[in-house]
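**Student:** For reference, the file coords-v2.pdb (PDB, C-alpha atoms (C1' of nucleotides)) is included below:
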MODEL        1
ATOM      1  CA  MET A   1     -21.323 -68.192  11.155
ATOM      2  CA  SER A   2     -18.599 -66.612   9.120
ATOM      3  CA  TYR A   3     -17.465 -66.649   5.533
ATOM      4  CA  LEU A   4     -14.302 -67.332   3.585
ATOM      5  CA  LEU A   5     -13.379 -66.927  -0.036
ATOM      6  CA  ILE A   6     -11.296 -69.717  -1.515
ATOM      7  CA  LYS A   7      -9.607 -69.606  -4.900
ATOM      8  CA  SER A   8      -9.113 -72.364  -7.381
ATOM      9  CA  GLU A   9      -8.273 -72.560 -11.045
ATOM     10  CA  PRO A  10     -11.259 -74.054 -12.840
ATOM     11  CA  ASP A  11      -8.910 -75.811 -15.269
ATOM     12  CA  THR A  12      -7.653 -77.787 -12.281
ATOM     13  CA  PHE A  13     -10.689 -77.905 -10.016
ATOM     14  CA  GLY A  14     -13.750 -75.731 -10.508
ATOM     15  CA  ILE A  15     -17.235 -75.420  -9.063
ATOM     16  CA  ASP A  16     -18.541 -78.069 -11.478
ATOM     17  CA  ASP A  17     -15.932 -80.526 -10.237
ATOM     18  CA  LEU A  18     -17.004 -79.838  -6.675
ATOM     19  CA  ARG A  19     -20.652 -80.347  -7.592
ATOM     20  CA  LYS A  20     -19.749 -83.718  -9.074
ATOM     21  CA  LYS A  21     -17.569 -84.824  -6.154
ATOM     22  CA  LYS A  22     -19.796 -83.262  -3.476
ATOM     23  CA  VAL A  23     -16.930 -83.076  -0.948
ATOM     24  CA  GLU A  24     -13.321 -82.129  -1.495
ATOM     25  CA  LEU A  25     -10.220 -81.913   0.651
ATOM     26  CA  TRP A  26      -8.792 -78.453   0.042
ATOM     27  CA  ASP A  27      -5.185 -79.486  -0.349
ATOM     28  CA  GLY A  28      -2.146 -77.696  -1.715
ATOM     29  CA  VAL A  29      -2.394 -74.450   0.209
ATOM     30  CA  ARG A  30       1.193 -73.512   1.081
ATOM     31  CA  ASN A  31       0.845 -70.098   2.598
ATOM     32  CA  PHE A  32       0.745 -69.573   6.342
ATOM     33  CA  GLN A  33      -1.743 -66.755   6.314
ATOM     34  CA  ALA A  34      -4.136 -68.692   4.118
ATOM     35  CA  ARG A  35      -3.704 -71.751   6.338
ATOM     36  CA  ASN A  36      -4.448 -69.699   9.428
ATOM     37  CA  TYR A  37      -7.658 -68.373   7.948
ATOM     38  CA  MET A  38      -8.750 -71.941   7.239
ATOM     39  CA  LEU A  39      -7.915 -73.062  10.761
ATOM     40  CA  ALA A  40      -9.867 -70.151  12.184
ATOM     41  CA  SER A  41     -13.013 -71.297  10.405
ATOM     42  CA  LYS A  42     -15.666 -73.512  11.953
ATOM     43  CA  VAL A  43     -17.609 -76.463  10.678
ATOM     44  CA  GLY A  44     -20.748 -75.060   9.093
ATOM     45  CA  ASP A  45     -19.128 -71.854   7.902
ATOM     46  CA  LEU A  46     -19.558 -71.010   4.246
ATOM     47  CA  ALA A  47     -16.971 -70.272   1.597
ATOM     48  CA  PHE A  48     -17.296 -68.473  -1.700
ATOM     49  CA  PHE A  49     -15.706 -70.448  -4.524
ATOM     50  CA  TYR A  50     -13.606 -68.153  -6.680
ATOM     51  CA  HIS A  51     -12.330 -69.069 -10.132
ATOM     52  CA  SER A  52      -8.853 -67.677 -10.634
ATOM     53  CA  ASN A  53      -7.037 -67.720 -13.951
ATOM     54  CA  ALA A  54     -10.451 -68.032 -15.549
ATOM     55  CA  LYS A  55     -12.008 -66.030 -18.369
ATOM     56  CA  PRO A  56     -13.246 -63.991 -16.680
ATOM     57  CA  PRO A  57     -12.132 -64.582 -13.115
ATOM     58  CA  GLY A  58     -14.908 -64.387 -10.536
ATOM     59  CA  ILE A  59     -17.028 -66.024  -7.858
ATOM     60  CA  ALA A  60     -18.773 -69.096  -9.199
ATOM     61  CA  GLY A  61     -20.582 -70.551  -6.219
ATOM     62  CA  LEU A  62     -20.777 -71.420  -2.582
ATOM     63  CA  CYS A  63     -19.588 -74.293  -0.457
ATOM     64  CA  LYS A  64     -19.751 -75.314   3.169
ATOM     65  CA  ILE A  65     -16.906 -76.209   5.485
ATOM     66  CA  VAL A  66     -17.523 -79.696   6.827
ATOM     67  CA  GLU A  67     -14.171 -80.386   8.500
ATOM     68  CA  VAL A  68     -11.394 -78.192   9.917
ATOM     69  CA  GLY A  69      -7.805 -79.055  10.794
ATOM     70  CA  VAL A  70      -7.369 -81.989   8.420
ATOM     71  CA  VAL A  71      -3.763 -82.950   7.695
ATOM     72  CA  ASP A  72      -2.997 -82.236   4.054
ATOM     73  CA  PRO A  73      -1.571 -85.562   2.834
ATOM     74  CA  THR A  74       0.167 -84.037  -0.190
ATOM     75  CA  GLN A  75       2.855 -82.510   2.038
ATOM     76  CA  PHE A  76       4.234 -86.017   2.678
ATOM     77  CA  ASP A  77       3.786 -87.316  -0.858
ATOM     78  CA  LYS A  78       7.116 -87.167  -2.659
ATOM     79  CA  LYS A  79       5.370 -87.357  -6.000
ATOM     80  CA  SER A  80       3.044 -84.479  -5.250
ATOM     81  CA  HIS A  81       3.572 -81.035  -6.585
ATOM     82  CA  TYR A  82       2.834 -79.883  -3.051
ATOM     83  CA  TYR A  83       5.399 -82.121  -1.340
ATOM     84  CA  ASP A  84       7.057 -80.309   1.561
ATOM     85  CA  PRO A  85      10.111 -82.184   2.871
ATOM     86  CA  THR A  86      10.516 -79.655   5.691
ATOM     87  CA  SER A  87       7.159 -80.440   7.293
ATOM     88  CA  PRO A  88       7.657 -82.601  10.413
ATOM     89  CA  LYS A  89       5.739 -85.892  10.269
ATOM     90  CA  ASP A  90       4.884 -85.744  13.949
ATOM     91  CA  ASN A  91       3.711 -82.158  13.691
ATOM     92  CA  PRO A  92       2.408 -81.515  10.180
ATOM     93  CA  ARG A  93       2.685 -77.944   9.059
ATOM     94  CA  TRP A  94      -0.164 -77.943   6.572
ATOM     95  CA  LEU A  95      -3.633 -78.415   7.940
ATOM     96  CA  THR A  96      -6.622 -77.728   5.804
ATOM     97  CA  ILE A  97     -10.383 -77.981   5.461
ATOM     98  CA  LYS A  98     -12.929 -80.167   3.718
ATOM     99  CA  VAL A  99     -15.615 -78.397   1.760
ATOM    100  CA  GLU A 100     -18.967 -79.550   0.484
ATOM    101  CA  PHE A 101     -20.813 -78.244  -2.552
ATOM    102  CA  VAL A 102     -23.743 -75.957  -1.730
ATOM    103  CA  GLU A 103     -24.661 -74.155  -4.929
ATOM    104  CA  LYS A 104     -23.471 -72.847  -8.222
ATOM    105  CA  PHE A 105     -24.603 -69.244  -8.504
ATOM    106  CA  GLU A 106     -27.348 -68.183 -10.875
ATOM    107  CA  ASN A 107     -25.233 -65.136 -11.627
ATOM    108  CA  TYR A 108     -21.511 -65.575 -11.972
ATOM    109  CA  LEU A 109     -19.921 -62.631 -10.153
ATOM    110  CA  SER A 110     -17.036 -61.611 -12.372
ATOM    111  CA  LEU A 111     -14.110 -59.676 -10.993
ATOM    112  CA  ASP A 112     -15.342 -56.680 -12.994
ATOM    113  CA  ASP A 113     -18.748 -56.898 -11.344
ATOM    114  CA  LEU A 114     -17.146 -57.191  -7.950
ATOM    115  CA  ARG A 115     -15.071 -54.072  -8.559
ATOM    116  CA  LYS A 116     -18.181 -52.142  -9.530
ATOM    117  CA  THR A 117     -20.042 -53.066  -6.365
ATOM    118  CA  PHE A 118     -17.377 -53.452  -3.718
ATOM    119  CA  SER A 119     -14.326 -51.592  -2.537
ATOM    120  CA  PRO A 120     -10.924 -53.056  -1.746
ATOM    121  CA  ASP A 121     -11.859 -52.534   1.905
ATOM    122  CA  ASP A 122     -14.836 -54.859   1.463
ATOM    123  CA  LEU A 123     -13.022 -57.655  -0.326
ATOM    124  CA  ILE A 124      -9.402 -58.566   0.198
ATOM    125  CA  ILE A 125      -9.114 -60.053  -3.287
ATOM    126  CA  LEU A 126      -9.795 -56.605  -4.759
ATOM    127  CA  ARG A 127      -6.737 -55.192  -3.068
ATOM    128  CA  ARG A 128      -3.757 -54.415  -5.172
ATOM    129  CA  GLY A 129      -1.392 -57.337  -5.427
ATOM    130  CA  SER A 130      -3.534 -59.581  -3.248
ATOM    131  CA  ARG A 131      -2.664 -63.185  -3.961
ATOM    132  CA  LEU A 132      -3.920 -64.963  -0.886
ATOM    133  CA  SER A 133      -5.826 -68.070  -1.883
ATOM    134  CA  VAL A 134      -7.963 -68.080   1.270
ATOM    135  CA  THR A 135      -9.382 -64.862   2.682
ATOM    136  CA  PRO A 136     -12.131 -64.004   5.165
ATOM    137  CA  VAL A 137     -15.268 -62.223   3.938
ATOM    138  CA  ASP A 138     -17.157 -59.853   6.180
ATOM    139  CA  ASN A 139     -20.697 -61.012   6.994
ATOM    140  CA  LYS A 140     -22.396 -57.948   5.543
ATOM    141  CA  VAL A 141     -20.364 -58.215   2.373
ATOM    142  CA  ALA A 142     -21.209 -61.899   2.193
ATOM    143  CA  LYS A 143     -24.932 -61.154   2.379
ATOM    144  CA  ARG A 144     -24.638 -58.632  -0.432
ATOM    145  CA  LEU A 145     -22.693 -61.107  -2.529
ATOM    146  CA  LEU A 146     -25.365 -63.750  -2.030
ATOM    147  CA  THR A 147     -28.130 -61.327  -2.989
ATOM    148  CA  LEU A 148     -26.318 -60.384  -6.177
ATOM    149  CA  ALA A 149     -25.531 -63.967  -7.024
ATOM    150  CA  ARG A 150     -29.097 -65.175  -6.604
ATOM    151  CA  LYS A 151     -31.019 -62.254  -8.043
ATOM    152  CA  ALA A 152     -32.834 -63.005 -11.254
ATOM    153  CA  ALA A 153     -30.892 -61.528 -14.146
TER
ATOM    154  C1'  DG B   1      18.286 -59.585  11.227
ATOM    155  C1'  DC B   2      19.001 -57.574   6.615
ATOM    156  C1'  DC B   3      18.226 -57.948   1.903
ATOM    157  C1'  DA B   4      19.064 -59.751  -2.833
ATOM    158  C1'  DA B   5      17.659 -63.463  -5.531
ATOM    159  C1'  DC B   6      14.352 -66.418  -6.728
ATOM    160  C1'  DG B   7       9.768 -68.617  -7.318
ATOM    161  C1'  DT B   8       4.819 -68.127  -7.541
ATOM    162  C1'  DT B   9       0.366 -66.013  -8.182
ATOM    163  C1'  DG B  10      -2.901 -64.297 -11.061
ATOM    164  C1'  DG B  11      -4.796 -60.465 -13.888
ATOM    165  C1'  DC B  12      -4.244 -58.811 -18.285
TER
ATOM    166  C1'  DG C   1       3.382 -64.723 -22.530
ATOM    167  C1'  DC C   2       4.222 -60.627 -19.645
ATOM    168  C1'  DC C   3       4.972 -58.638 -15.449
ATOM    169  C1'  DA C   4       3.781 -56.512 -10.854
ATOM    170  C1'  DA C   5       3.372 -57.872  -6.301
ATOM    171  C1'  DC C   6       4.397 -60.674  -2.841
ATOM    172  C1'  DG C   7       6.416 -64.658   0.072
ATOM    173  C1'  DT C   8      10.378 -67.390   0.973
ATOM    174  C1'  DT C   9      15.122 -68.608   1.065
ATOM    175  C1'  DG C  10      19.789 -68.269   2.120
ATOM    176  C1'  DG C  11      24.230 -65.783   2.389
ATOM    177  C1'  DC C  12      26.326 -62.713   5.241
TER
ENDMDL
END
Can you dump the structure from the file as C-alpha cells?

**Tutor:**
Amino acid sequence: MSYLLIKSEPDTFGIDDLRKKKVELWDGVRNFQARNYMLASKVGDLAFFYHSNAKPPGIAGLCKIVEVGVVDPTQFDKKSHYYDPTSPKDNPRWLTIKVEFVEKFENYLSLDDLRKTFSPDDLIILRRGSRLSVTPVDNKVAKRLLTLARKAA
DNA sequence: GCCAACGTTGGC
DNA sequence: GCCAACGTTGGC
C-alpha cells in the first residue's frame, strides 16, 4: 500500500464533486513525471486530494485508486483543452488513473498547517517551486497526515 | 545538445 | 493580477 497526493482546483473539480460522482477519471495530467507516478501506483492505493488555487490551499480529503493505466480520452479530443495532437493513437502517451471517493477530512489541512508540521523533505509539495500535480507521499508521512486530519478539533 | 523564448502552475 | 519556478519547444 502506498500513497499519492493529487492536486485539483476546487473551482473545477473539488472533493465535494468527487463525493457526488463517487468515481472520477483523473484526466488532463500533461506532465511525464506526474504520469509516471500515477502509473507506478497500484489499485487499492490511496491518494490525498489537494485543493490548489483555493483559499486557503490544502488537503481536503482522501480517495482510493480503483484503476491504473487508463487511456486519457481528452488527448484525442480536438475540442478538449487537453488535446495533444502529438500523442500517437496506437500508443497513447497519456495514461491515467481512476479514483474513488473515500472521505472528506474532518480537519482541512491547510498549506500553512502542513508547513508547521512537515518539512520539505517529508512532502514534495512543500518544496520550493514544486508544481507537480501528482506526487508520492511516504507511508509514515501519510499516517501522520491521516491522524491530523481525523483528530477531533 | 545548448539555450532562449514561451507557456503554465500555483501561492500570494 | 503578479511573478517565481519550472517544463517544453524550436532554432541553431

**Student:** May I have the residues within 12 Å of DT9 (chain B) as a list in words, using only C-alpha atoms (C1' of nucleotides) and disregarding those fewer than 5 positions away in the same chain?

**Tutor:**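 Listed by chain and then number, they are Lys7, Ser8, Glu9, Arg30, Asn31, Ser52, Asn53, Gly129, Ser130, Arg131, Leu132 and Ser133 of chain A; DC3, DA4, DA5, DC6 and DG7 of chain C.
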
**Student:** Assuming the chain letters and numbering stay as they are in my file, what does the PyMOL selection byres ((chain B) within 12 of (chain A)) actually select? List them as a PyMOL selection string.

**Tutor:** chain B and resi 8-12

**Student:** List, as a ChimeraX atom specification, every residue that the PyMOL selection byres ((chain A and resi 136) around 10) selects in the file provided.

**Tutor:** /A:2-6,34,37-38,40-41,47-48,123-125,134-135,137-139,142

**Student:** Deliver the residues from the most recent selection as a file, using C-alpha atoms, as a compact mmCIF listing (two decimals), in the coordinates of the input.

**Tutor:**
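The new file selection33.txt reads:
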# COMPACT_ATOMS: atom_id res chain seq x y z
CA SER A 2 -18.60 -66.61 9.12
CA TYR A 3 -17.46 -66.65 5.53
CA LEU A 4 -14.30 -67.33 3.58
CA LEU A 5 -13.38 -66.93 -0.04
CA ILE A 6 -11.30 -69.72 -1.52
CA ALA A 34 -4.14 -68.69 4.12
CA TYR A 37 -7.66 -68.37 7.95
CA MET A 38 -8.75 -71.94 7.24
CA ALA A 40 -9.87 -70.15 12.18
CA SER A 41 -13.01 -71.30 10.40
CA ALA A 47 -16.97 -70.27 1.60
CA PHE A 48 -17.30 -68.47 -1.70
CA LEU A 123 -13.02 -57.66 -0.33
CA ILE A 124 -9.40 -58.57 0.20
CA ILE A 125 -9.11 -60.05 -3.29
CA VAL A 134 -7.96 -68.08 1.27
CA THR A 135 -9.38 -64.86 2.68
CA VAL A 137 -15.27 -62.22 3.94
CA ASP A 138 -17.16 -59.85 6.18
CA ASN A 139 -20.70 -61.01 6.99
CA ALA A 142 -21.21 -61.90 2.19

**Student:** Expand the PyMOL selection byres ((chain A and resi 14) around 12) into the explicit residue set it covers here, and present it as a PyMOL selection string.

**Tutor:** chain A and resi 6-13+15-22+24+26+48-54+57-63+101+104

**Student:** When you draw a straight line from CA of His81 (chain A) to CA of Val68 (chain A), how long is it in Å?

**Tutor:**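 Taking CA of His81 (chain A) and CA of Val68 (chain A), their separation equals 22.5 Å.
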
**Student:** Around chain B, fit a box with edges along x, y and z, padding it by 8 Å on each side, then list its centre and edge lengths in Å to one decimal as AutoDock Vina command-line options.

**Tutor:**
--center_x 7.1 --center_y -63.1 --center_z -3.5 --size_x 39.9 --size_y 27.0 --size_z 45.5

**Student:** Would you mind listing what lies within 10 Å of Met1 (chain A) as a PyMOL selection string, with all atoms listed in the file counted and same-chain residues fewer than 6 positions away left out?

**Tutor:** chain A and resi 41-46+139

**Student:** What does the structure give for the distance between CA of Val66 (chain A) and CA of Glu100 (chain A), in Å to one decimal?

**Tutor:**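 Taking CA of Val66 (chain A) as the start and CA of Glu100 (chain A) as the end point, the length is 6.5 Å.
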
**Student:** So what do you get for CA of Val71 (chain A) versus CA of Thr96 (chain A), distance-wise?

**Tutor:**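 Between CA of Val71 (chain A) and CA of Thr96 (chain A) the gap works out to 6.2 Å.
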